[in-house]
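Q: Sharing data.cif (mmCIF, C-alpha atoms and all ligand atoms) below.
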```cif
data_protein
loop_
_atom_site.label_atom_id
_atom_site.label_comp_id
_atom_site.auth_asym_id
_atom_site.auth_seq_id
_atom_site.Cartn_x
_atom_site.Cartn_y
_atom_site.Cartn_z
CA MET A 102 32.89 -2.30 -15.13
CA GLY A 103 35.07 0.73 -15.89
CA GLU A 104 35.70 3.78 -13.71
CA THR A 105 32.97 5.83 -15.39
CA GLU A 106 30.60 2.90 -15.25
CA LYS A 107 31.23 2.58 -11.53
CA ASP A 108 30.46 6.28 -11.09
CA LYS A 109 27.28 5.79 -13.07
CA VAL A 110 26.20 2.91 -10.85
CA ILE A 111 26.85 5.03 -7.74
CA GLU A 112 24.88 7.89 -9.24
CA GLN A 113 22.00 5.57 -10.07
CA ILE A 114 21.94 4.31 -6.50
CA LYS A 115 21.90 7.84 -5.13
CA GLU A 116 19.19 8.98 -7.54
CA ARG A 117 16.98 5.91 -7.22
CA PRO A 118 13.33 6.79 -6.61
CA ILE A 119 12.29 6.34 -3.00
CA ARG A 120 8.63 5.55 -2.68
CA MET A 121 6.25 5.26 0.20
CA ALA A 122 2.74 3.82 0.10
CA ILE A 123 -0.03 5.08 2.35
CA CYS A 124 -3.02 2.75 2.26
CA TYR A 125 -6.37 3.82 3.64
CA ASP A 126 -9.47 2.03 4.66
CA PHE A 127 -12.38 4.32 3.67
CA ASP A 128 -15.44 3.95 5.91
CA LYS A 129 -14.85 5.51 9.35
CA THR A 130 -11.23 6.11 8.44
CA LEU A 131 -11.56 8.91 5.85
CA SER A 132 -15.33 9.31 6.18
CA PRO A 133 -17.40 9.32 9.40
CA ASP A 134 -19.83 6.51 8.47
CA ASP A 135 -20.35 3.69 6.02
CA MET A 136 -20.51 5.19 2.53
CA GLN A 137 -23.85 3.52 1.81
CA ALA A 138 -25.41 5.19 4.86
CA PHE A 139 -25.48 8.83 3.73
CA THR A 140 -27.73 8.94 0.67
CA LEU A 141 -27.74 5.52 -0.99
CA ILE A 142 -29.74 3.55 1.59
CA PRO A 143 -32.15 6.43 2.41
CA SER A 144 -32.81 6.89 -1.35
CA LEU A 145 -34.17 3.32 -1.34
CA GLU A 146 -36.52 4.31 1.46
CA MET A 147 -34.84 2.27 4.14
CA ASP A 148 -32.98 3.30 7.25
CA LYS A 149 -29.39 2.19 7.56
CA SER A 150 -29.80 0.02 10.66
CA THR A 151 -32.58 -2.02 9.01
CA PHE A 152 -30.43 -2.41 5.91
CA TRP A 153 -27.40 -3.69 7.83
CA THR A 154 -29.48 -5.93 10.10
CA GLN A 155 -31.13 -7.53 7.08
CA SER A 156 -27.90 -8.00 5.18
CA ASN A 157 -26.08 -9.41 8.23
CA ASP A 158 -28.98 -11.83 8.81
CA LEU A 159 -28.83 -12.84 5.16
CA ALA A 160 -25.13 -13.57 5.58
CA LYS A 161 -25.67 -15.61 8.75
CA GLU A 162 -28.61 -17.62 7.42
CA ASN A 163 -26.77 -18.53 4.24
CA LEU A 164 -23.20 -18.70 5.57
CA MET A 165 -22.42 -15.86 3.20
CA ASP A 166 -19.58 -13.41 3.07
CA ASN A 167 -20.89 -10.17 4.64
CA ASN A 168 -19.85 -8.09 1.67
CA LEU A 169 -21.49 -10.36 -0.87
CA ALA A 170 -24.59 -10.17 1.33
CA TRP A 171 -24.89 -6.37 1.31
CA MET A 172 -24.11 -6.23 -2.39
CA TYR A 173 -26.91 -8.71 -3.05
CA GLN A 174 -29.23 -6.94 -0.63
CA LEU A 175 -28.67 -3.61 -2.37
CA ILE A 176 -29.57 -4.99 -5.79
CA THR A 177 -32.61 -6.85 -4.47
CA LEU A 178 -33.83 -3.76 -2.67
CA SER A 179 -33.31 -1.50 -5.66
CA LYS A 180 -35.21 -3.90 -7.91
CA ALA A 181 -38.05 -4.11 -5.39
CA LYS A 182 -38.25 -0.33 -5.38
CA ARG A 183 -38.00 -0.24 -9.19
CA LYS A 184 -34.94 1.95 -8.93
CA SER A 185 -32.28 0.05 -10.84
CA ILE A 186 -28.85 1.34 -9.92
CA LYS A 187 -26.38 2.52 -12.51
CA ARG A 188 -22.71 3.33 -12.08
CA GLU A 189 -23.47 7.04 -12.51
CA TYR A 190 -25.81 6.94 -9.56
CA PHE A 191 -23.12 5.45 -7.31
CA ASN A 192 -20.70 8.15 -8.52
CA GLU A 193 -23.30 10.78 -7.68
CA VAL A 194 -23.73 9.30 -4.20
CA GLY A 195 -19.96 9.57 -3.79
CA GLN A 196 -20.01 13.31 -4.33
CA SER A 197 -21.94 13.83 -1.13
CA VAL A 198 -20.03 11.40 1.10
CA PRO A 199 -18.65 13.55 3.95
CA LEU A 200 -14.99 13.36 4.85
CA TYR A 201 -13.20 13.95 8.12
CA LYS A 202 -11.59 17.32 8.83
CA GLY A 203 -8.58 18.09 6.66
CA VAL A 204 -8.86 15.01 4.40
CA VAL A 205 -9.16 17.04 1.18
CA GLU A 206 -5.87 18.92 1.76
CA TRP A 207 -4.07 16.04 3.49
CA PHE A 208 -2.66 14.38 0.37
CA GLU A 209 -0.94 17.46 -1.01
CA ARG A 210 0.40 18.35 2.44
CA VAL A 211 1.87 14.88 2.97
CA ASN A 212 3.25 14.76 -0.57
CA GLN A 213 5.00 18.08 -0.13
CA TYR A 214 6.52 17.19 3.21
CA ALA A 215 7.77 13.87 1.83
CA ALA A 216 9.11 15.47 -1.36
CA LYS A 217 11.34 17.70 0.76
CA LYS A 218 12.84 14.50 2.17
CA GLY A 219 13.28 13.01 -1.31
CA ILE A 220 10.32 10.65 -1.03
CA GLU A 221 7.47 10.12 -3.47
CA VAL A 222 4.26 9.15 -1.69
CA GLU A 223 1.60 7.07 -3.40
CA HIS A 224 -1.85 6.85 -1.84
CA TYR A 225 -4.09 3.80 -2.15
CA ILE A 226 -7.57 2.88 -0.97
CA ILE A 227 -8.20 -0.64 0.27
CA SER A 228 -11.87 -0.76 1.23
CA SER A 229 -14.73 -3.19 1.50
CA GLY A 230 -17.01 -0.35 0.43
CA LEU A 231 -18.00 0.40 -3.13
CA LYS A 232 -15.37 1.51 -5.62
CA GLU A 233 -17.93 3.40 -7.72
CA ILE A 234 -18.93 5.52 -4.72
CA ILE A 235 -15.31 6.32 -3.82
CA GLU A 236 -14.66 7.19 -7.47
CA GLY A 237 -17.38 9.81 -7.21
CA SER A 238 -15.86 11.44 -4.11
CA LYS A 239 -13.85 14.63 -4.40
CA ILE A 240 -10.63 12.91 -3.28
CA ALA A 241 -10.81 10.10 -5.88
CA GLY A 242 -8.06 11.70 -7.97
CA GLU A 243 -5.58 11.53 -5.07
CA PHE A 244 -5.23 7.76 -5.24
CA LYS A 245 -2.93 5.84 -7.49
CA ARG A 246 -5.42 3.02 -7.24
CA ILE A 247 -8.71 2.34 -5.50
CA TYR A 248 -9.12 -1.26 -4.39
CA ALA A 249 -12.70 -1.78 -3.28
CA SER A 250 -15.78 -3.88 -3.91
CA SER A 251 -17.45 -3.22 -7.25
CA TYR A 252 -20.30 -4.38 -9.44
CA LEU A 253 -20.52 -5.97 -12.83
CA TYR A 254 -22.94 -3.97 -14.99
CA SER A 255 -25.42 -5.26 -17.54
CA PRO A 256 -25.18 -4.01 -21.15
CA ASP A 257 -27.67 -1.27 -20.28
CA GLY A 258 -25.46 -0.18 -17.37
CA ILE A 259 -27.35 -1.64 -14.42
CA ALA A 260 -25.49 -3.11 -11.44
CA GLU A 261 -26.09 -6.84 -11.56
CA TRP A 262 -23.46 -8.98 -9.89
CA PRO A 263 -20.38 -8.45 -7.73
CA ALA A 264 -17.23 -7.97 -9.80
CA GLN A 265 -15.06 -7.69 -6.68
CA ALA A 266 -16.07 -8.26 -3.09
CA ILE A 267 -13.36 -7.18 -0.72
CA ASN A 268 -13.43 -8.50 2.82
CA TYR A 269 -11.01 -8.16 5.71
CA THR A 270 -8.80 -11.11 4.79
CA ASN A 271 -8.55 -10.60 1.05
CA LYS A 272 -7.76 -6.94 1.75
CA THR A 273 -4.18 -8.04 2.42
CA GLN A 274 -3.54 -9.19 -1.15
CA TYR A 275 -3.56 -5.53 -2.21
CA ILE A 276 -0.63 -4.76 0.09
CA PHE A 277 1.34 -7.44 -1.80
CA ARG A 278 0.14 -6.06 -5.15
CA ILE A 279 1.29 -2.55 -4.30
CA ALA A 280 4.64 -3.73 -2.88
CA LYS A 281 5.34 -5.79 -5.99
CA GLY A 282 3.94 -3.23 -8.42
CA ILE A 283 1.50 -5.80 -9.86
CA PHE A 284 -1.57 -3.64 -9.69
CA LYS A 285 -4.29 -5.30 -11.77
CA GLU A 286 -6.85 -7.21 -9.71
CA TYR A 287 -6.74 -10.30 -11.97
CA ASP A 288 -2.96 -10.50 -12.34
CA GLU A 289 -1.88 -13.76 -10.73
CA ARG A 290 1.81 -12.87 -10.83
CA VAL A 291 1.14 -11.29 -7.43
CA ASN A 292 1.93 -14.73 -6.00
CA ASP A 293 5.36 -14.94 -7.63
CA SER A 294 8.13 -14.55 -5.12
CA MET A 295 10.17 -11.38 -5.35
CA GLN A 296 13.41 -10.40 -3.65
CA ASP A 297 13.08 -7.43 -1.29
CA GLU A 298 15.54 -5.55 -3.48
CA GLN A 299 13.20 -5.79 -6.46
CA LEU A 300 10.04 -4.57 -4.74
CA TYR A 301 8.32 -1.55 -6.24
CA ILE A 302 7.76 -0.26 -2.71
CA PRO A 303 9.50 -2.01 0.21
CA TYR A 304 7.16 -3.16 2.97
CA GLU A 305 8.94 -1.02 5.55
CA ASN A 306 7.83 2.05 3.57
CA PHE A 307 4.13 1.21 3.99
CA VAL A 308 1.64 2.95 6.22
CA TYR A 309 -1.83 1.49 6.73
CA ILE A 310 -4.57 3.64 8.24
CA GLY A 311 -7.77 1.98 9.45
CA ASP A 312 -10.36 2.09 12.19
CA SER A 313 -11.59 -1.34 13.10
CA ALA A 314 -11.22 -5.08 13.51
CA THR A 315 -11.67 -5.61 9.76
CA ASP A 316 -8.37 -3.78 9.27
CA ILE A 317 -6.44 -6.14 11.56
CA PRO A 318 -5.01 -8.44 8.88
CA CYS A 319 -3.64 -5.45 6.92
CA MET A 320 -2.37 -3.72 10.06
CA ARG A 321 -0.64 -6.90 11.18
CA LEU A 322 0.86 -7.58 7.79
CA VAL A 323 2.25 -4.09 7.34
CA LYS A 324 3.57 -3.84 10.90
CA SER A 325 5.13 -7.30 10.91
CA LYS A 326 7.01 -6.43 7.74
CA GLY A 327 8.52 -3.32 9.28
CA GLY A 328 5.91 -0.77 8.13
CA TYR A 329 3.54 1.32 10.20
CA SER A 330 -0.12 0.98 11.04
CA ILE A 331 -2.26 3.75 12.43
CA GLY A 332 -5.63 3.27 14.12
CA VAL A 333 -8.04 6.19 14.00
CA TYR A 334 -11.23 7.01 15.90
CA ASP A 335 -13.97 9.58 15.27
CA PRO A 336 -12.81 12.86 16.85
CA GLU A 337 -16.33 13.85 17.92
CA LYS A 338 -17.55 10.54 19.30
CA ASN A 339 -14.11 10.05 20.91
CA GLN A 340 -14.88 6.34 21.31
CA ARG A 341 -11.41 4.85 21.73
CA LYS A 342 -12.15 1.29 22.82
CA LYS A 343 -11.18 -0.24 19.47
CA VAL A 344 -7.88 1.59 19.15
CA TYR A 345 -6.93 0.82 22.76
CA GLN A 346 -7.60 -2.87 22.11
CA LEU A 347 -5.74 -2.83 18.80
CA PHE A 348 -2.76 -1.05 20.30
CA ALA A 349 -2.63 -3.33 23.35
CA ASP A 350 -2.71 -6.33 21.01
CA GLY A 351 0.31 -4.99 19.12
CA ARG A 352 -1.58 -4.27 15.88
CA LEU A 353 -0.81 -0.56 15.79
CA SER A 354 2.23 1.68 15.61
CA PHE A 355 0.10 4.72 16.55
CA TYR A 356 -3.49 5.62 17.31
CA THR A 357 -5.09 9.04 17.08
CA ALA A 358 -8.25 10.95 16.11
CA ALA A 359 -9.26 10.90 12.42
CA ASP A 360 -8.28 14.55 12.07
CA TYR A 361 -6.23 15.10 8.91
CA SER A 362 -5.64 18.83 9.37
CA ALA A 363 -2.20 20.46 9.35
CA ARG A 364 -1.66 20.63 13.09
CA SER A 365 -3.26 17.32 13.98
CA GLU A 366 -1.55 14.54 15.85
CA LEU A 367 -2.04 12.35 12.79
CA MET A 368 0.00 14.76 10.67
CA GLN A 369 2.72 14.80 13.34
CA TYR A 370 2.87 11.00 13.36
CA MET A 371 2.99 10.96 9.57
CA LYS A 372 5.89 13.41 9.55
CA THR A 373 7.74 11.28 12.10
CA ILE A 374 7.19 8.19 9.94
CA ILE A 375 8.36 10.03 6.81
CA ASP A 376 11.46 11.24 8.67
CA GLU A 377 12.26 7.71 9.77
CA VAL A 378 11.71 6.26 6.29
CA ALA A 379 13.97 8.98 4.85
CA ALA A 380 16.69 8.17 7.39
CA LYS A 381 16.42 4.43 6.76
CA GLU A 382 16.58 5.00 3.02
CA ARG A 383 19.71 7.15 3.41
CA ILE A 384 21.32 4.28 5.30
CA LYS A 385 20.25 1.84 2.56
CA THR A 386 21.76 4.16 -0.06
CA GLU A 387 25.09 4.36 1.78
CA GLN A 388 25.16 0.61 2.25
CA LYS A 389 24.45 0.00 -1.43
CA VAL A 390 27.40 2.24 -2.34
CA LEU A 391 29.69 0.53 0.21
CA LYS A 392 28.65 -2.82 -1.23
CA ILE A 393 30.16 -1.97 -4.63
CA ASN A 394 33.78 -1.98 -3.40
CA ALA A 395 33.16 -4.91 -1.09
CA ASP A 396 31.61 -6.98 -3.92
CA LEU A 397 34.41 -6.08 -6.34
CA TYR A 398 36.95 -7.19 -3.77
CA LYS A 399 35.04 -10.41 -3.11
CA MET A 400 34.86 -11.22 -6.81
CA ALA A 401 38.56 -10.47 -7.41
CA SER A 402 39.69 -12.59 -4.49
CA GLN A 403 37.41 -15.50 -5.48
CA MET A 404 38.97 -15.47 -8.95
CA GLU A 405 42.44 -15.37 -7.42
CA THR A 406 41.61 -18.34 -5.21
CA LEU A 407 40.37 -20.23 -8.24
CA LEU A 408 43.64 -19.60 -10.09
CA THR A 409 45.81 -20.67 -7.14
CA GLN A 410 43.73 -23.73 -6.29
CA PHE A 411 43.77 -25.16 -9.79
CA PRO A 412 47.05 -23.89 -11.22
CA GLY A 413 47.30 -26.39 -14.10
CA ALA A 414 43.63 -26.55 -14.98
CA ILE A 415 43.36 -23.21 -16.73
CA PRO A 416 45.12 -22.74 -20.07
CA ALA A 417 47.74 -19.98 -20.10
CA LYS A 418 45.74 -17.87 -22.54
CA GLU A 419 42.63 -17.90 -20.36
CA LYS A 420 44.70 -17.34 -17.24
CA LYS A 421 46.06 -14.17 -18.82
CA VAL A 422 42.52 -12.92 -19.44
CA ILE A 423 41.50 -13.70 -15.88
CA ASP A 424 44.62 -12.04 -14.48
CA LYS A 425 43.76 -8.96 -16.45
CA GLU A 426 40.18 -8.95 -15.14
CA ILE A 427 41.42 -9.32 -11.57
CA ALA A 428 43.84 -6.43 -12.08
CA GLU A 429 41.02 -4.28 -13.53
CA MET A 430 38.76 -5.01 -10.61
CA LYS A 431 41.47 -4.13 -8.12
CA GLU A 432 42.13 -0.96 -10.05
CA LEU A 433 38.50 0.02 -9.50
CA LEU A 434 38.71 -0.51 -5.77
CA ASP A 435 39.13 2.54 -3.60
CA GLY A 436 42.15 2.29 -1.29
CA LYS A 437 44.63 -0.59 -1.05
CA VAL A 438 44.00 -4.31 -0.69
CA ASP A 439 47.44 -5.84 -1.28
MG MG A 501 -13.53 1.14 8.31
#
```
What is this structure when it is put down as structure tokens?

A:
Amino acid sequence: MGETEKDKVIEQIKERPIRMAICYDFDKTLSPDDMQAFTLIPSLEMDKSTFWTQSNDLAKENLMDNNLAWMYQLITLSKAKRKSIKREYFNEVGQSVPLYKGVVEWFERVNQYAAKKGIEVEHYIISSGLKEIIEGSKIAGEFKRIYASSYLYSPDGIAEWPAQAINYTNKTQYIFRIAKGIFKEYDERVNDSMQDEQLYIPYENFVYIGDSATDIPCMRLVKSKGGYSIGVYDPEKNQRKKVYQLFADGRLSFYTAADYSARSELMQYMKTIIDEVAAKERIKTEQKVLKINADLYKMASQMETLLTQFPGAIPAKEKKVIDKEIAEMKELLDGKVD
């Protein structure tokens, strides 16, 4: 490494992209109810409580995953009503899914605040709800990726079979996918081990926002790895039992109302988190730069030790080359070492 090369390495360290991931549950986190409840279930002439009771019973009676149960139930019901469901219909349903206050403007506001601190924020959905419905919502374009349950469609476009069914435990795999930058749902390299240094987004730069017990594995994972988890409750219902429990059990970094507007507590917490991530990243940057001199010194002294420990073992010609390398390394060091 020459002097200019060293400068280049330092510059690269200082200019390295600093990313943060904010992962959101969808139902009751960004939207006040289950996404199926607003128009989808009523359009099949059923009320939502009957639908969920039936699908939960189906799951219990058959020892089924709850998500596979509602996905099955939805198809069965639509066939019984002779209203086969196409992807476009789910998208249409998504357009009318209501969102909590301030959600629409939240992403841009957070991105701008973070950009001022030199951080790029990427937003991700990790939901057990239906991907096709979320894709129809007006905030769909804000997410780098939407991880959610989805259907396999027949050649004539009718929902037939679950393509992905996301439940509370397999939700966590998407945190690993995002951290490692291995985004595709089928890509098994997600299980390959990766040094922290090589992560696409380090775990301590993750925020997970959710509302209920089904978010616990993700909240725990993110928090235990140094990231932040936020529990939200409906601002109007103001029912805080779940967040109190989650916080008392150590699952949450913060809890607050699901109010995403500019002056909300949630925005204040997010700014505090961004500030902390920015400060931690500045420390990491400084340490990476300090490591260059320390590593050069370590390498030079290891080579010197080698030469003194085995004086006869290295031919004179090679010794000359090594001596030169040691001298070059020392030359690159700032300050004195001899
Ligand atoms: Mg939820």

Q: Go through A:Glu116, A:Asp126, A:Asp350, A:Asp158 and flag the residue nearest ligand MG 501 (chain A), using only C-alpha atoms and all ligand atoms for the distances.

A: A:Asp126

Q: What gap, in Å, lies between CA of Asn167 (chain A) and CA of Lys187 (chain A)?

A: 22.0 Å

Q: Counting only C-alpha atoms and all ligand atoms, which protein, DNA or RNA residues come within 7 Å of ligand MG 501 (chain A), given as number ranges by chain?

A: A: 126-130, 311-313

Q: Just want the 10 Å neighbourhood of Gln299 (chain A), counted on all atoms listed in the file, with same-chain residues fewer than 3 positions away dropped. Output as a PDB file with C-alpha atoms, in the frame of the given file.

A:
```
ATOM      1  CA  ALA A 280       4.640  -3.730  -2.880  1.00  0.00           C
ATOM      2  CA  LYS A 281       5.340  -5.790  -5.990  1.00  0.00           C
ATOM      3  CA  GLY A 282       3.940  -3.230  -8.420  1.00  0.00           C
ATOM      4  CA  MET A 295      10.170 -11.380  -5.350  1.00  0.00           C
ATOM      5  CA  GLN A 296      13.410 -10.400  -3.650  1.00  0.00           C
ATOM      6  CA  ILE A 302       7.760  -0.260  -2.710  1.00  0.00           C
ATOM      7  CA  PRO A 303       9.500  -2.010   0.210  1.00  0.00           C
TER       8      PRO A 303
END
```

Q: With only C-alpha atoms as the basis for distance, which of A:Gly242, A:Gly219, A:Gly230, A:Gly328 is at the shortest distance from Ser132 (chain A)?

A: A:Gly230

Q: For Phe277 (chain A), find every residue with an atom within 12 Å (counting all atoms listed in the file), except residues of its own chain fewer than 4 positions away, and show them as a PyMOL selection string.

A: chain A and resi 122+124+227+271-273+281-286+288-295+297+300-304+307+319+322-323+326

Q: Using only C-alpha atoms, which of A:Leu408, A:Ala363, A:Leu178, A:Ala138 sits nearest Phe208 (chain A)?

A: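 Of the candidates, the smallest distance to Phe208 (chain A) is held by A:Ala363.
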
Q: Which of these residues is nearest to Ser362 (chain A), using all atoms listed in the file: A:Asn168, A:Thr105, A:Ile123, A:Tyr201?

A: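 When distances to Ser362 (chain A) are compared using all atoms listed in the file, the smallest one comes from A:Tyr201.
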
Q: Could you tell me which of A:Asp376, A:Gln265, A:Lys115, A:Glu233 comes closest to Tyr287 (chain A) if we count all atoms listed in the file?

A: A:Gln265

Q: Could you give me, as a compact mmCIF listing (two decimals) with C-alpha atoms, keeping the file's coordinate frame, the residues that have an atom at most 12 Å away from the point (-20.1, 9.0, -6.2) in the coordinates of the file, using all atoms listed in the file?

A:
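And here is the file that came out, selection23.txt:
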```txt
# COMPACT_ATOMS: atom_id res chain seq x y z
CA MET A 136 -20.51 5.19 2.53
CA GLN A 137 -23.85 3.52 1.81
CA PHE A 139 -25.48 8.83 3.73
CA THR A 140 -27.73 8.94 0.67
CA LEU A 141 -27.74 5.52 -0.99
CA LYS A 187 -26.38 2.52 -12.51
CA ARG A 188 -22.71 3.33 -12.08
CA GLU A 189 -23.47 7.04 -12.51
CA TYR A 190 -25.81 6.94 -9.56
CA PHE A 191 -23.12 5.45 -7.31
CA ASN A 192 -20.70 8.15 -8.52
CA GLU A 193 -23.30 10.78 -7.68
CA VAL A 194 -23.73 9.30 -4.20
CA GLY A 195 -19.96 9.57 -3.79
CA GLN A 196 -20.01 13.31 -4.33
CA SER A 197 -21.94 13.83 -1.13
CA VAL A 198 -20.03 11.40 1.10
CA PRO A 199 -18.65 13.55 3.95
CA GLY A 230 -17.01 -0.35 0.43
CA LEU A 231 -18.00 0.40 -3.13
CA LYS A 232 -15.37 1.51 -5.62
CA GLU A 233 -17.93 3.40 -7.72
CA ILE A 234 -18.93 5.52 -4.72
CA ILE A 235 -15.31 6.32 -3.82
CA GLU A 236 -14.66 7.19 -7.47
CA GLY A 237 -17.38 9.81 -7.21
CA SER A 238 -15.86 11.44 -4.11
CA LYS A 239 -13.85 14.63 -4.40
CA ILE A 240 -10.63 12.91 -3.28
CA ALA A 241 -10.81 10.10 -5.88
```

Q: In terms of the shortest atom-to-atom distance over all atoms listed in the file, which of A:Glu106, A:Arg183, A:Ala401, A:Arg246 is closest to Lys425 (chain A)?

A: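 Distance minimum relative to Lys425 (chain A) lands on A:Ala401.
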
Q: Do a neighbour search on region 333-346 of chain A at 10 Å with all atoms listed in the file, toss out local chain neighbours closer than 2 positions, and write the hits as a PDB file with C-alpha atoms, in the coordinates of the input.

A:
```
ATOM      1  CA  LYS A 129     -14.850   5.510   9.350  1.00  0.00           C
ATOM      2  CA  THR A 130     -11.230   6.110   8.440  1.00  0.00           C
ATOM      3  CA  LEU A 131     -11.560   8.910   5.850  1.00  0.00           C
ATOM      4  CA  SER A 132     -15.330   9.310   6.180  1.00  0.00           C
ATOM      5  CA  PRO A 133     -17.400   9.320   9.400  1.00  0.00           C
ATOM      6  CA  ASP A 134     -19.830   6.510   8.470  1.00  0.00           C
ATOM      7  CA  TYR A 201     -13.200  13.950   8.120  1.00  0.00           C
ATOM      8  CA  LYS A 202     -11.590  17.320   8.830  1.00  0.00           C
ATOM      9  CA  ILE A 310      -4.570   3.640   8.240  1.00  0.00           C
ATOM     10  CA  GLY A 311      -7.770   1.980   9.450  1.00  0.00           C
ATOM     11  CA  ASP A 312     -10.360   2.090  12.190  1.00  0.00           C
ATOM     12  CA  SER A 313     -11.590  -1.340  13.100  1.00  0.00           C
ATOM     13  CA  ALA A 314     -11.220  -5.080  13.510  1.00  0.00           C
ATOM     14  CA  SER A 330      -0.120   0.980  11.040  1.00  0.00           C
ATOM     15  CA  ILE A 331      -2.260   3.750  12.430  1.00  0.00           C
ATOM     16  CA  PHE A 348      -2.760  -1.050  20.300  1.00  0.00           C
ATOM     17  CA  ALA A 349      -2.630  -3.330  23.350  1.00  0.00           C
ATOM     18  CA  ASP A 350      -2.710  -6.330  21.010  1.00  0.00           C
ATOM     19  CA  GLY A 351       0.310  -4.990  19.120  1.00  0.00           C
ATOM     20  CA  ARG A 352      -1.580  -4.270  15.880  1.00  0.00           C
ATOM     21  CA  LEU A 353      -0.810  -0.560  15.790  1.00  0.00           C
ATOM     22  CA  PHE A 355       0.100   4.720  16.550  1.00  0.00           C
ATOM     23  CA  TYR A 356      -3.490   5.620  17.310  1.00  0.00           C
ATOM     24  CA  THR A 357      -5.090   9.040  17.080  1.00  0.00           C
ATOM     25  CA  ALA A 358      -8.250  10.950  16.110  1.00  0.00           C
ATOM     26  CA  ALA A 359      -9.260  10.900  12.420  1.00  0.00           C
ATOM     27  CA  ASP A 360      -8.280  14.550  12.070  1.00  0.00           C
ATOM     28  CA  LEU A 367      -2.040  12.350  12.790  1.00  0.00           C
TER      29      LEU A 367
END
```

Q: Quote the spacing between CA of Glu261 (chain A) and CA of Met165 (chain A) in Å to one decimal place.

A: 17.7 Å

Q: Would you work out the distance separating CA of Ser354 (chain A) from CA of Tyr329 (chain A), expressed in Å to one decimal?

A: 5.6 Å

Q: Once you add 6 Å to each side, what are the centre and edge lengths of the axis-aligned box holding all listed atoms of region 419-428 of chain A? One decimal in Å, as AutoDock Vina command-line options, if you can.

A:
```
--center_x 43.1 --center_y -12.2 --center_z -16.0 --size_x 17.9 --size_y 23.5 --size_z 20.8
```

Q: Return region 277-291 of chain A, completed with N, CA and C atoms, as a CSV table (one decimal), in the coordinates of the input.

A:
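Written out: rebuild.csv:
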```csv
chain,number,residue,atom,x,y,z
A,277,PHE,N,0.3,-6.7,-1.0
A,277,PHE,CA,1.3,-7.4,-1.8
A,277,PHE,C,1.4,-6.9,-3.2
A,278,ARG,N,0.2,-6.6,-3.8
A,278,ARG,CA,0.1,-6.1,-5.2
A,278,ARG,C,0.9,-4.7,-5.2
A,279,ILE,N,0.7,-3.9,-4.3
A,279,ILE,CA,1.3,-2.6,-4.3
A,279,ILE,C,2.8,-2.7,-4.1
A,280,ALA,N,3.2,-3.5,-3.1
A,280,ALA,CA,4.6,-3.7,-2.9
A,280,ALA,C,5.4,-4.3,-4.1
A,281,LYS,N,4.7,-5.2,-4.8
A,281,LYS,CA,5.3,-5.8,-6.0
A,281,LYS,C,5.1,-5.0,-7.3
A,282,GLY,N,4.2,-4.0,-7.2
A,282,GLY,CA,3.9,-3.2,-8.4
A,282,GLY,C,3.1,-4.0,-9.4
A,283,ILE,N,2.4,-5.0,-9.0
A,283,ILE,CA,1.5,-5.8,-9.9
A,283,ILE,C,0.1,-5.4,-9.5
A,284,PHE,N,-0.4,-4.3,-10.2
A,284,PHE,CA,-1.6,-3.6,-9.7
A,284,PHE,C,-2.9,-4.2,-10.1
A,285,LYS,N,-3.0,-4.9,-11.3
A,285,LYS,CA,-4.3,-5.3,-11.8
A,285,LYS,C,-4.9,-6.4,-11.0
A,286,GLU,N,-6.2,-6.3,-10.6
A,286,GLU,CA,-6.8,-7.2,-9.7
A,286,GLU,C,-6.8,-8.7,-10.2
A,287,TYR,N,-6.7,-8.9,-11.5
A,287,TYR,CA,-6.7,-10.3,-12.0
A,287,TYR,C,-5.3,-10.9,-12.2
A,288,ASP,N,-4.3,-10.1,-12.0
A,288,ASP,CA,-3.0,-10.5,-12.3
A,288,ASP,C,-2.4,-11.5,-11.3
A,289,GLU,N,-2.3,-12.7,-11.7
A,289,GLU,CA,-1.9,-13.8,-10.7
A,289,GLU,C,-0.4,-13.8,-10.4
A,290,ARG,N,0.4,-12.9,-11.1
A,290,ARG,CA,1.8,-12.9,-10.8
A,290,ARG,C,2.1,-12.3,-9.4
A,291,VAL,N,1.0,-11.8,-8.8
A,291,VAL,CA,1.1,-11.3,-7.4
A,291,VAL,C,1.7,-12.4,-6.5
```
